[in-house]
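J.: Submitted below is the structure of interest, expressed as structure tokens.
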Amino acid sequence: MISKIIEEDISEIVSEFENELTRFEGKTILITGGSGLIPSYIIDTIAKFNKRLNKPCKMIIMNKNPVNESSRLSHLINNENTIFLTQDVGKKFDIPWKVNIIIHAASRANPSAFLQDPIDTIDANVNGTRNLLEYARENPVEQFIFFSSAEIYGNPVKEFIPCPETYTGNADCINTWACYIESKKFSETLCMTYFRKYNVPVKILRILLIYGPGMRNDGKVVSDFLDRAIKTGEITIRDKGEALRSFCYISDTAKAIFKIIFNGNNGEVYNIGNDIETENVSILQLANLIAKTVGEDIKVKPNPDAVKKQIYGVDNRRVNISKLRSLGFEPKVSLEEGLERLKKHYDEVGGWY
């Protein structure tokens, strides 16, 4: 299902990359985890631009769960240039087409899933990445794009905020979130090992706090607060709400990824996020912005007496995107505007995917 807001975002992305997208002509792209928030925007952008190409790009979209009429990508089920494969990327697979580009986005990406099944979280990240790298080694590709996470930086020390790609991190390997963080880190190690040993053309994306139309209500703070505001009329915060976060709207994220695909270097890591100073907001500020977006009568209730106790406490989550800026990227959508677009999308589709 695609809303008017998503269509507007996709059209704007296409307009920015009209010249570069022609490089996909006649290519076959394998995309794992295609129903996710970020890859779905990549897929919709290519699908829209395909209409302009003499020889359209073929997209093979691999999902663990089948795509049906209620799925985010349901509008592409009968698209002649889109093939859906119901396949666990962590298990052996065979593709009867020559693949030119792999975009590996499949992963458990929400906190509730980490805690419910940490072993599967590790397997999905490590085994899935290893399988695809082996496939790319045996069937050489032009690009291998790996979706990692800026969570691998852990709780950074102040002098490394915002975190540059050179920061090695401050993560606790026995924390409950470690199943996700450490498996992403090891997946990066796998990528760089295959790059050095087998020349697999990897590009690693450390992605941070993405939100927007198409996201699920899966325990992340933006969707959680918005859902509570709409359904209960109030947003409760478990503590004072002092922790700082920098969020990046989905269309900006998609543009960043295309910048890296078209202009980035193989064997390198790129942060993706928003490091503009005014966009670094506290959880309390986020709650107030969401309350304002939903309606004036929404109450925000922080808990000033709470003892600071979090599942995975990070004081300030923010990445340095100077390296990404060197490729010509600049985030454009403010948090206030992005939240308004997310709310309009929610109202149009009647909830979450």
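Residues are referred to by chain and number: the chain letter is A, B, ... according to the order shown in the structure tokens, the number counts from 1 in that chain, and ligands are numbered separately from 1 in the order shown.
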May I have the residues within 12 Å of Gln116 in chain A as a ChimeraX atom specification, using only C-alpha atoms and disregarding those fewer than 5 positions away in the same chain?
T.: /A:108,110-111,121,176-177,179-180
J.: Emit the selected residues as a PDB file, in the first residue's frame, including C-alpha atoms.
T.:
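Saved result, part-v5.pdb, follows:
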```pdb
ATOM      1  CA  ARG A 108      15.469  -7.871  13.114  1.00  0.00           C
ATOM      2  CA  ASN A 110      13.245  -3.481  16.688  1.00  0.00           C
ATOM      3  CA  PRO A 111      13.984  -3.733  20.419  1.00  0.00           C
ATOM      4  CA  THR A 121      18.457 -11.992  15.952  1.00  0.00           C
ATOM      5  CA  THR A 176      20.591  -7.568  26.484  1.00  0.00           C
ATOM      6  CA  TRP A 177      20.899  -5.527  23.263  1.00  0.00           C
ATOM      7  CA  CYS A 179      22.647  -9.823  20.371  1.00  0.00           C
ATOM      8  CA  TYR A 180      21.834  -7.112  17.829  1.00  0.00           C
TER       9      TYR A 180
END
```
J.: Set out as a Markdown table a contact list for range 158-265 of chain A and range 24-30 of chain A with a cut-off of 12 Å, giving each residue of range 158-265 of chain A that qualifies its closest atom pair and distance in Å to one decimal, counting only C-alpha atoms, ordered by chain and rising residue number.
T.:
```
| residue | atom | partner | partner_atom | distance |
| --- | --- | --- | --- | --- |
| A:Phe258 | CA | A:Phe24 | CA | 11.3 |
| A:Ile261 | CA | A:Phe24 | CA | 10.7 |
| A:Phe262 | CA | A:Phe24 | CA | 10.1 |
```
J.: Please produce a file of the residues just selected, as an mmCIF file, in the first residue's frame, where the atoms kept are C-alpha atoms.
T.:
```
data_model
loop_
_atom_site.group_PDB
_atom_site.id
_atom_site.type_symbol
_atom_site.label_atom_id
_atom_site.label_comp_id
_atom_site.auth_asym_id
_atom_site.auth_seq_id
_atom_site.Cartn_x
_atom_site.Cartn_y
_atom_site.Cartn_z
ATOM 1 C CA PHE A 258 21.523 6.466 -3.447
ATOM 2 C CA ILE A 261 25.445 3.602 -4.277
ATOM 3 C CA PHE A 262 26.321 6.016 -7.081
#
```
J.: Check the DSSP output for the backbone and give back, as a ChimeraX atom specification, the residues of range 41-170 of chain A in strand (DSSP E).
T.: /A:58-63,82-86,101-104,143-149
J.: Restricting the output to N, CA and C atoms, write the selected residues as an mmCIF file, in the first residue's frame.
T.:
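Written out: again-v5.cif:
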```cif
data_model
loop_
_atom_site.group_PDB
_atom_site.id
_atom_site.type_symbol
_atom_site.label_atom_id
_atom_site.label_comp_id
_atom_site.auth_asym_id
_atom_site.auth_seq_id
_atom_site.Cartn_x
_atom_site.Cartn_y
_atom_site.Cartn_z
ATOM 1 N N LYS A 58 15.319 -5.027 -13.142
ATOM 2 C CA LYS A 58 14.565 -6.100 -12.496
ATOM 3 C C LYS A 58 14.917 -6.121 -11.016
ATOM 4 N N MET A 59 13.898 -6.158 -10.158
ATOM 5 C CA MET A 59 14.121 -6.235 -8.722
ATOM 6 C C MET A 59 13.641 -7.576 -8.188
ATOM 7 N N ILE A 60 14.540 -8.280 -7.499
ATOM 8 C CA ILE A 60 14.193 -9.522 -6.815
ATOM 9 C C ILE A 60 14.137 -9.194 -5.331
ATOM 10 N N ILE A 61 12.952 -9.272 -4.754
ATOM 11 C CA ILE A 61 12.754 -8.853 -3.369
ATOM 12 C C ILE A 61 12.564 -10.087 -2.501
ATOM 13 N N MET A 62 13.518 -10.300 -1.609
ATOM 14 C CA MET A 62 13.518 -11.477 -0.754
ATOM 15 C C MET A 62 13.022 -11.113 0.638
ATOM 16 N N ASN A 63 11.936 -11.744 1.052
ATOM 17 C CA ASN A 63 11.372 -11.538 2.380
ATOM 18 C C ASN A 63 11.169 -12.874 3.077
ATOM 19 N N THR A 82 9.150 -6.764 -10.988
ATOM 20 C CA THR A 82 9.377 -7.045 -9.576
ATOM 21 C C THR A 82 9.044 -8.497 -9.272
ATOM 22 N N ILE A 83 9.992 -9.198 -8.678
ATOM 23 C CA ILE A 83 9.804 -10.608 -8.324
ATOM 24 C C ILE A 83 9.925 -10.740 -6.808
ATOM 25 N N PHE A 84 8.908 -11.306 -6.182
ATOM 26 C CA PHE A 84 8.937 -11.519 -4.740
ATOM 27 C C PHE A 84 9.302 -12.971 -4.434
ATOM 28 N N LEU A 85 10.305 -13.140 -3.586
ATOM 29 C CA LEU A 85 10.719 -14.469 -3.143
ATOM 30 C C LEU A 85 10.501 -14.578 -1.635
ATOM 31 N N THR A 86 9.721 -15.561 -1.216
ATOM 32 C CA THR A 86 9.560 -15.825 0.210
ATOM 33 C C THR A 86 10.684 -16.766 0.620
ATOM 34 N N ILE A 101 23.514 -6.222 -8.459
ATOM 35 C CA ILE A 101 23.655 -5.462 -7.217
ATOM 36 C C ILE A 101 22.888 -6.173 -6.104
ATOM 37 N N ILE A 102 23.494 -6.269 -4.934
ATOM 38 C CA ILE A 102 22.818 -6.807 -3.750
ATOM 39 C C ILE A 102 22.666 -5.689 -2.719
ATOM 40 N N ILE A 103 21.447 -5.510 -2.244
ATOM 41 C CA ILE A 103 21.173 -4.589 -1.147
ATOM 42 C C ILE A 103 20.649 -5.435 0.009
ATOM 43 N N HIS A 104 21.485 -5.626 1.008
ATOM 44 C CA HIS A 104 21.138 -6.520 2.118
ATOM 45 C C HIS A 104 20.596 -5.710 3.288
ATOM 46 N N GLN A 143 28.003 -4.354 -6.923
ATOM 47 C CA GLN A 143 27.946 -3.700 -5.622
ATOM 48 C C GLN A 143 27.269 -4.618 -4.617
ATOM 49 N N PHE A 144 27.728 -4.495 -3.351
ATOM 50 C CA PHE A 144 27.105 -5.207 -2.236
ATOM 51 C C PHE A 144 26.888 -4.178 -1.141
ATOM 52 N N ILE A 145 25.641 -3.780 -0.942
ATOM 53 C CA ILE A 145 25.294 -2.744 0.023
ATOM 54 C C ILE A 145 24.787 -3.408 1.294
ATOM 55 N N PHE A 146 25.481 -3.185 2.400
ATOM 56 C CA PHE A 146 25.098 -3.806 3.662
ATOM 57 C C PHE A 146 24.532 -2.776 4.626
ATOM 58 N N PHE A 147 23.301 -3.031 5.092
ATOM 59 C CA PHE A 147 22.665 -2.162 6.077
ATOM 60 C C PHE A 147 23.127 -2.569 7.474
ATOM 61 N N SER A 148 24.051 -1.800 8.038
ATOM 62 C CA SER A 148 24.459 -1.998 9.421
ATOM 63 C C SER A 148 23.700 -0.990 10.275
ATOM 64 N N SER A 149 24.213 -0.681 11.449
ATOM 65 C CA SER A 149 23.517 0.216 12.370
ATOM 66 C C SER A 149 24.513 1.041 13.169
#
```
J.: Using only C-alpha atoms, which residues sit within 12 Å of range 188-191 of chain A once same-chain residues fewer than 3 positions away are excluded, as a ChimeraX atom specification?
T.: /A:104,125-134,136-137,143-150,152,181-185,194-206,266-270
J.: Print the selection's residues with N, CA and C atoms to a file, as a short mmCIF file (atom, residue, chain, number, x, y, z; two decimals), in the first residue's frame.
T.:
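And here's again-v3.cif as it stands now:
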```cif
data_model
loop_
_atom_site.label_atom_id
_atom_site.label_comp_id
_atom_site.auth_asym_id
_atom_site.auth_seq_id
_atom_site.Cartn_x
_atom_site.Cartn_y
_atom_site.Cartn_z
N HIS A 104 21.48 -5.63 1.01
CA HIS A 104 21.14 -6.52 2.12
C HIS A 104 20.60 -5.71 3.29
N ASN A 125 21.27 -11.83 11.41
CA ASN A 125 22.32 -10.90 11.00
C ASN A 125 23.54 -11.62 10.46
N VAL A 126 24.08 -12.55 11.22
CA VAL A 126 25.35 -13.19 10.85
C VAL A 126 25.19 -14.19 9.70
N ASN A 127 24.26 -15.14 9.85
CA ASN A 127 24.09 -16.16 8.82
C ASN A 127 23.59 -15.58 7.51
N GLY A 128 22.66 -14.63 7.61
CA GLY A 128 22.14 -14.01 6.39
C GLY A 128 23.22 -13.27 5.63
N THR A 129 24.03 -12.50 6.36
CA THR A 129 25.12 -11.75 5.71
C THR A 129 26.15 -12.70 5.11
N ARG A 130 26.50 -13.74 5.85
CA ARG A 130 27.49 -14.72 5.34
C ARG A 130 26.98 -15.41 4.07
N ASN A 131 25.71 -15.81 4.08
CA ASN A 131 25.14 -16.46 2.89
C ASN A 131 25.21 -15.56 1.66
N LEU A 132 24.86 -14.30 1.85
CA LEU A 132 24.87 -13.37 0.71
C LEU A 132 26.28 -13.06 0.24
N LEU A 133 27.20 -12.94 1.16
CA LEU A 133 28.60 -12.71 0.78
C LEU A 133 29.15 -13.90 0.01
N GLU A 134 28.80 -15.11 0.42
CA GLU A 134 29.21 -16.30 -0.30
C GLU A 134 28.61 -16.32 -1.71
N ALA A 136 27.76 -13.68 -3.41
CA ALA A 136 28.45 -12.65 -4.19
C ALA A 136 29.86 -13.09 -4.58
N ARG A 137 30.49 -13.90 -3.75
CA ARG A 137 31.82 -14.42 -4.09
C ARG A 137 31.74 -15.39 -5.26
N GLN A 143 28.00 -4.35 -6.92
CA GLN A 143 27.95 -3.70 -5.62
C GLN A 143 27.27 -4.62 -4.62
N PHE A 144 27.73 -4.50 -3.35
CA PHE A 144 27.10 -5.21 -2.24
C PHE A 144 26.89 -4.18 -1.14
N ILE A 145 25.64 -3.78 -0.94
CA ILE A 145 25.29 -2.74 0.02
C ILE A 145 24.79 -3.41 1.29
N PHE A 146 25.48 -3.19 2.40
CA PHE A 146 25.10 -3.81 3.66
C PHE A 146 24.53 -2.78 4.63
N PHE A 147 23.30 -3.03 5.09
CA PHE A 147 22.66 -2.16 6.08
C PHE A 147 23.13 -2.57 7.47
N SER A 148 24.05 -1.80 8.04
CA SER A 148 24.46 -2.00 9.42
C SER A 148 23.70 -0.99 10.28
N SER A 149 24.21 -0.68 11.45
CA SER A 149 23.52 0.22 12.37
C SER A 149 24.51 1.04 13.17
N ALA A 150 24.15 2.29 13.42
CA ALA A 150 24.99 3.13 14.28
C ALA A 150 24.89 2.72 15.73
N ILE A 152 26.10 0.19 16.80
CA ILE A 152 27.37 -0.48 17.11
C ILE A 152 28.32 0.45 17.88
N ILE A 181 23.66 -5.66 18.50
CA ILE A 181 24.84 -4.82 18.27
C ILE A 181 26.05 -5.63 17.84
N GLU A 182 26.35 -6.69 18.59
CA GLU A 182 27.55 -7.47 18.30
C GLU A 182 27.41 -8.26 17.00
N SER A 183 26.20 -8.71 16.68
CA SER A 183 26.02 -9.43 15.41
C SER A 183 26.12 -8.48 14.22
N LYS A 184 25.71 -7.23 14.40
CA LYS A 184 25.92 -6.24 13.33
C LYS A 184 27.42 -5.94 13.17
N LYS A 185 28.11 -5.83 14.30
CA LYS A 185 29.56 -5.58 14.22
C LYS A 185 30.28 -6.74 13.53
N TYR A 194 35.47 -10.33 3.31
CA TYR A 194 35.17 -10.76 1.93
C TYR A 194 35.65 -9.72 0.92
N PHE A 195 35.64 -8.45 1.31
CA PHE A 195 36.17 -7.41 0.42
C PHE A 195 37.67 -7.59 0.22
N ARG A 196 38.39 -7.80 1.32
CA ARG A 196 39.85 -7.91 1.24
C ARG A 196 40.31 -9.23 0.61
N LYS A 197 39.63 -10.31 0.95
CA LYS A 197 40.07 -11.63 0.50
C LYS A 197 39.53 -12.01 -0.88
N TYR A 198 38.25 -11.61 -1.15
CA TYR A 198 37.60 -12.06 -2.39
C TYR A 198 37.17 -10.91 -3.29
N ASN A 199 37.49 -9.68 -2.92
CA ASN A 199 37.13 -8.51 -3.72
C ASN A 199 35.62 -8.32 -3.89
N VAL A 200 34.83 -8.79 -2.93
CA VAL A 200 33.40 -8.50 -2.98
C VAL A 200 33.23 -7.00 -2.72
N PRO A 201 32.57 -6.27 -3.62
CA PRO A 201 32.53 -4.79 -3.56
C PRO A 201 31.54 -4.26 -2.52
N VAL A 202 31.89 -4.38 -1.25
CA VAL A 202 30.97 -4.02 -0.18
C VAL A 202 31.01 -2.51 0.12
N LYS A 203 29.86 -2.01 0.52
CA LYS A 203 29.73 -0.68 1.11
C LYS A 203 28.87 -0.85 2.35
N ILE A 204 29.36 -0.37 3.49
CA ILE A 204 28.69 -0.57 4.76
C ILE A 204 28.00 0.72 5.19
N LEU A 205 26.70 0.63 5.50
CA LEU A 205 25.92 1.79 5.90
C LEU A 205 25.57 1.68 7.38
N ARG A 206 26.05 2.60 8.19
CA ARG A 206 25.68 2.65 9.61
C ARG A 206 24.53 3.64 9.76
N ASN A 266 33.97 1.41 -2.64
CA ASN A 266 33.91 0.06 -2.10
C ASN A 266 34.87 -0.09 -0.92
N GLY A 267 34.49 -0.96 0.00
CA GLY A 267 35.34 -1.21 1.16
C GLY A 267 35.33 -0.11 2.18
N GLU A 268 34.31 0.75 2.16
CA GLU A 268 34.24 1.85 3.13
C GLU A 268 32.93 1.84 3.89
N VAL A 269 32.95 2.52 5.04
CA VAL A 269 31.79 2.64 5.92
C VAL A 269 31.26 4.07 5.85
N TYR A 270 29.92 4.20 5.82
CA TYR A 270 29.30 5.52 5.77
C TYR A 270 28.20 5.62 6.83
#
```
J.: Enumerate the residues of range 176-282 of chain A with a DSSP assignment of helix (DSSP H, G or I), computed from the backbone, and present them as a count of residues only.
T.: 50
J.: How many Å lie between CA of Tyr153 in chain A and CA of Ala171 in chain A, rounded to one decimal?
T.: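 Interatomic distance here is 6.4 Å.
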J.: Which of these, A:Thr232, A:Asn139, A:Ser246, A:Asn265, has the shortest distance to Val294 in chain A once you count only C-alpha atoms?
T.: A:Thr232
J.: Can you tell me, as a ChimeraX atom specification, what residues are no more than 7 Å from Gly241 in chain A when counting only C-alpha atoms, ignoring any on the same chain fewer than 6 positions away?
T.: /A:282-284,302
J.: So that I can see what lies close to Asp227 in chain A, please list as number ranges by chain the residues with an atom at most 10 Å from it, counting only C-alpha atoms and leaving out residues fewer than 2 positions away in the same chain.
T.: A: 217, 221-225, 229-235, 290, 294, 343, 346, 351-352
J.: Given the selection you just returned, output its residues as a file containing C-alpha atoms, formatted as a PDB file, in the first residue's frame.
T.:
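Heads up, here's the output in selection.pdb:
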```pdb
ATOM      1  CA  ASN A 217       4.771   0.370  15.587  1.00  0.00           C
ATOM      2  CA  VAL A 221      10.178   5.718  20.314  1.00  0.00           C
ATOM      3  CA  VAL A 222       8.645   7.745  17.435  1.00  0.00           C
ATOM      4  CA  SER A 223       5.974   5.186  16.563  1.00  0.00           C
ATOM      5  CA  ASP A 224       5.386   4.347  20.221  1.00  0.00           C
ATOM      6  CA  PHE A 225       4.785   7.973  21.222  1.00  0.00           C
ATOM      7  CA  ALA A 229      -0.911  10.081  21.597  1.00  0.00           C
ATOM      8  CA  ILE A 230      -3.506   9.080  18.992  1.00  0.00           C
ATOM      9  CA  LYS A 231      -5.067   6.214  20.945  1.00  0.00           C
ATOM     10  CA  THR A 232      -4.873   7.399  24.564  1.00  0.00           C
ATOM     11  CA  GLY A 233      -4.458  11.165  24.375  1.00  0.00           C
ATOM     12  CA  GLU A 234      -1.255  11.131  26.394  1.00  0.00           C
ATOM     13  CA  ILE A 235       2.425  10.279  26.086  1.00  0.00           C
ATOM     14  CA  ILE A 290       4.514  14.625  18.638  1.00  0.00           C
ATOM     15  CA  VAL A 294      -1.447  15.154  16.989  1.00  0.00           C
ATOM     16  CA  LYS A 343       0.838  11.733  10.915  1.00  0.00           C
ATOM     17  CA  TYR A 346      -1.075   7.433   9.373  1.00  0.00           C
ATOM     18  CA  GLY A 351      -2.733   3.020  11.146  1.00  0.00           C
ATOM     19  CA  TRP A 352       0.518   1.083  10.861  1.00  0.00           C
TER      20      TRP A 352
END
```
J.: Just checking: using only C-alpha atoms, which residue out of A:Ser112, A:Asn155, A:Asn320, A:Ser251 ends up closest to Glu337 in chain A?
T.: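 Smallest distance to Glu337 in chain A is found for A:Ser251.
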J.: By how many Å are CA of Glu277 in chain A and CA of Asp172 in chain A apart?
T.: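 Going from CA of Glu277 in chain A over to CA of Asp172 in chain A covers 27.3 Å.
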J.: Nearest residue to Glu16 in chain A out of A:Phe49, A:Asp117, A:Ala109, A:Glu138, using only C-alpha atoms?
T.: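 The closest residue to Glu16 in chain A is A:Phe49.
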J.: Using only C-alpha atoms, which of A:Pro96, A:Pro156, A:Gly328, A:Gly36 sits nearest Asn263 in chain A?
T.: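 Answer, going by the shortest atom-to-atom distance: A:Gly328.
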J.: What separation in Å, quoted to one decimal, exists between CA of Asp347 in chain A and CA of Asn280 in chain A?
T.: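 One can read the CA of Asp347 in chain A to CA of Asn280 in chain A distance as 26.8 Å.
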J.: Excluding same-chain residues fewer than 6 positions from Tyr249 in chain A, what lies within 6 Å of it counting only C-alpha atoms, as JSON, numbers by chain?
T.: {"A": [210, 211, 212, 338]}
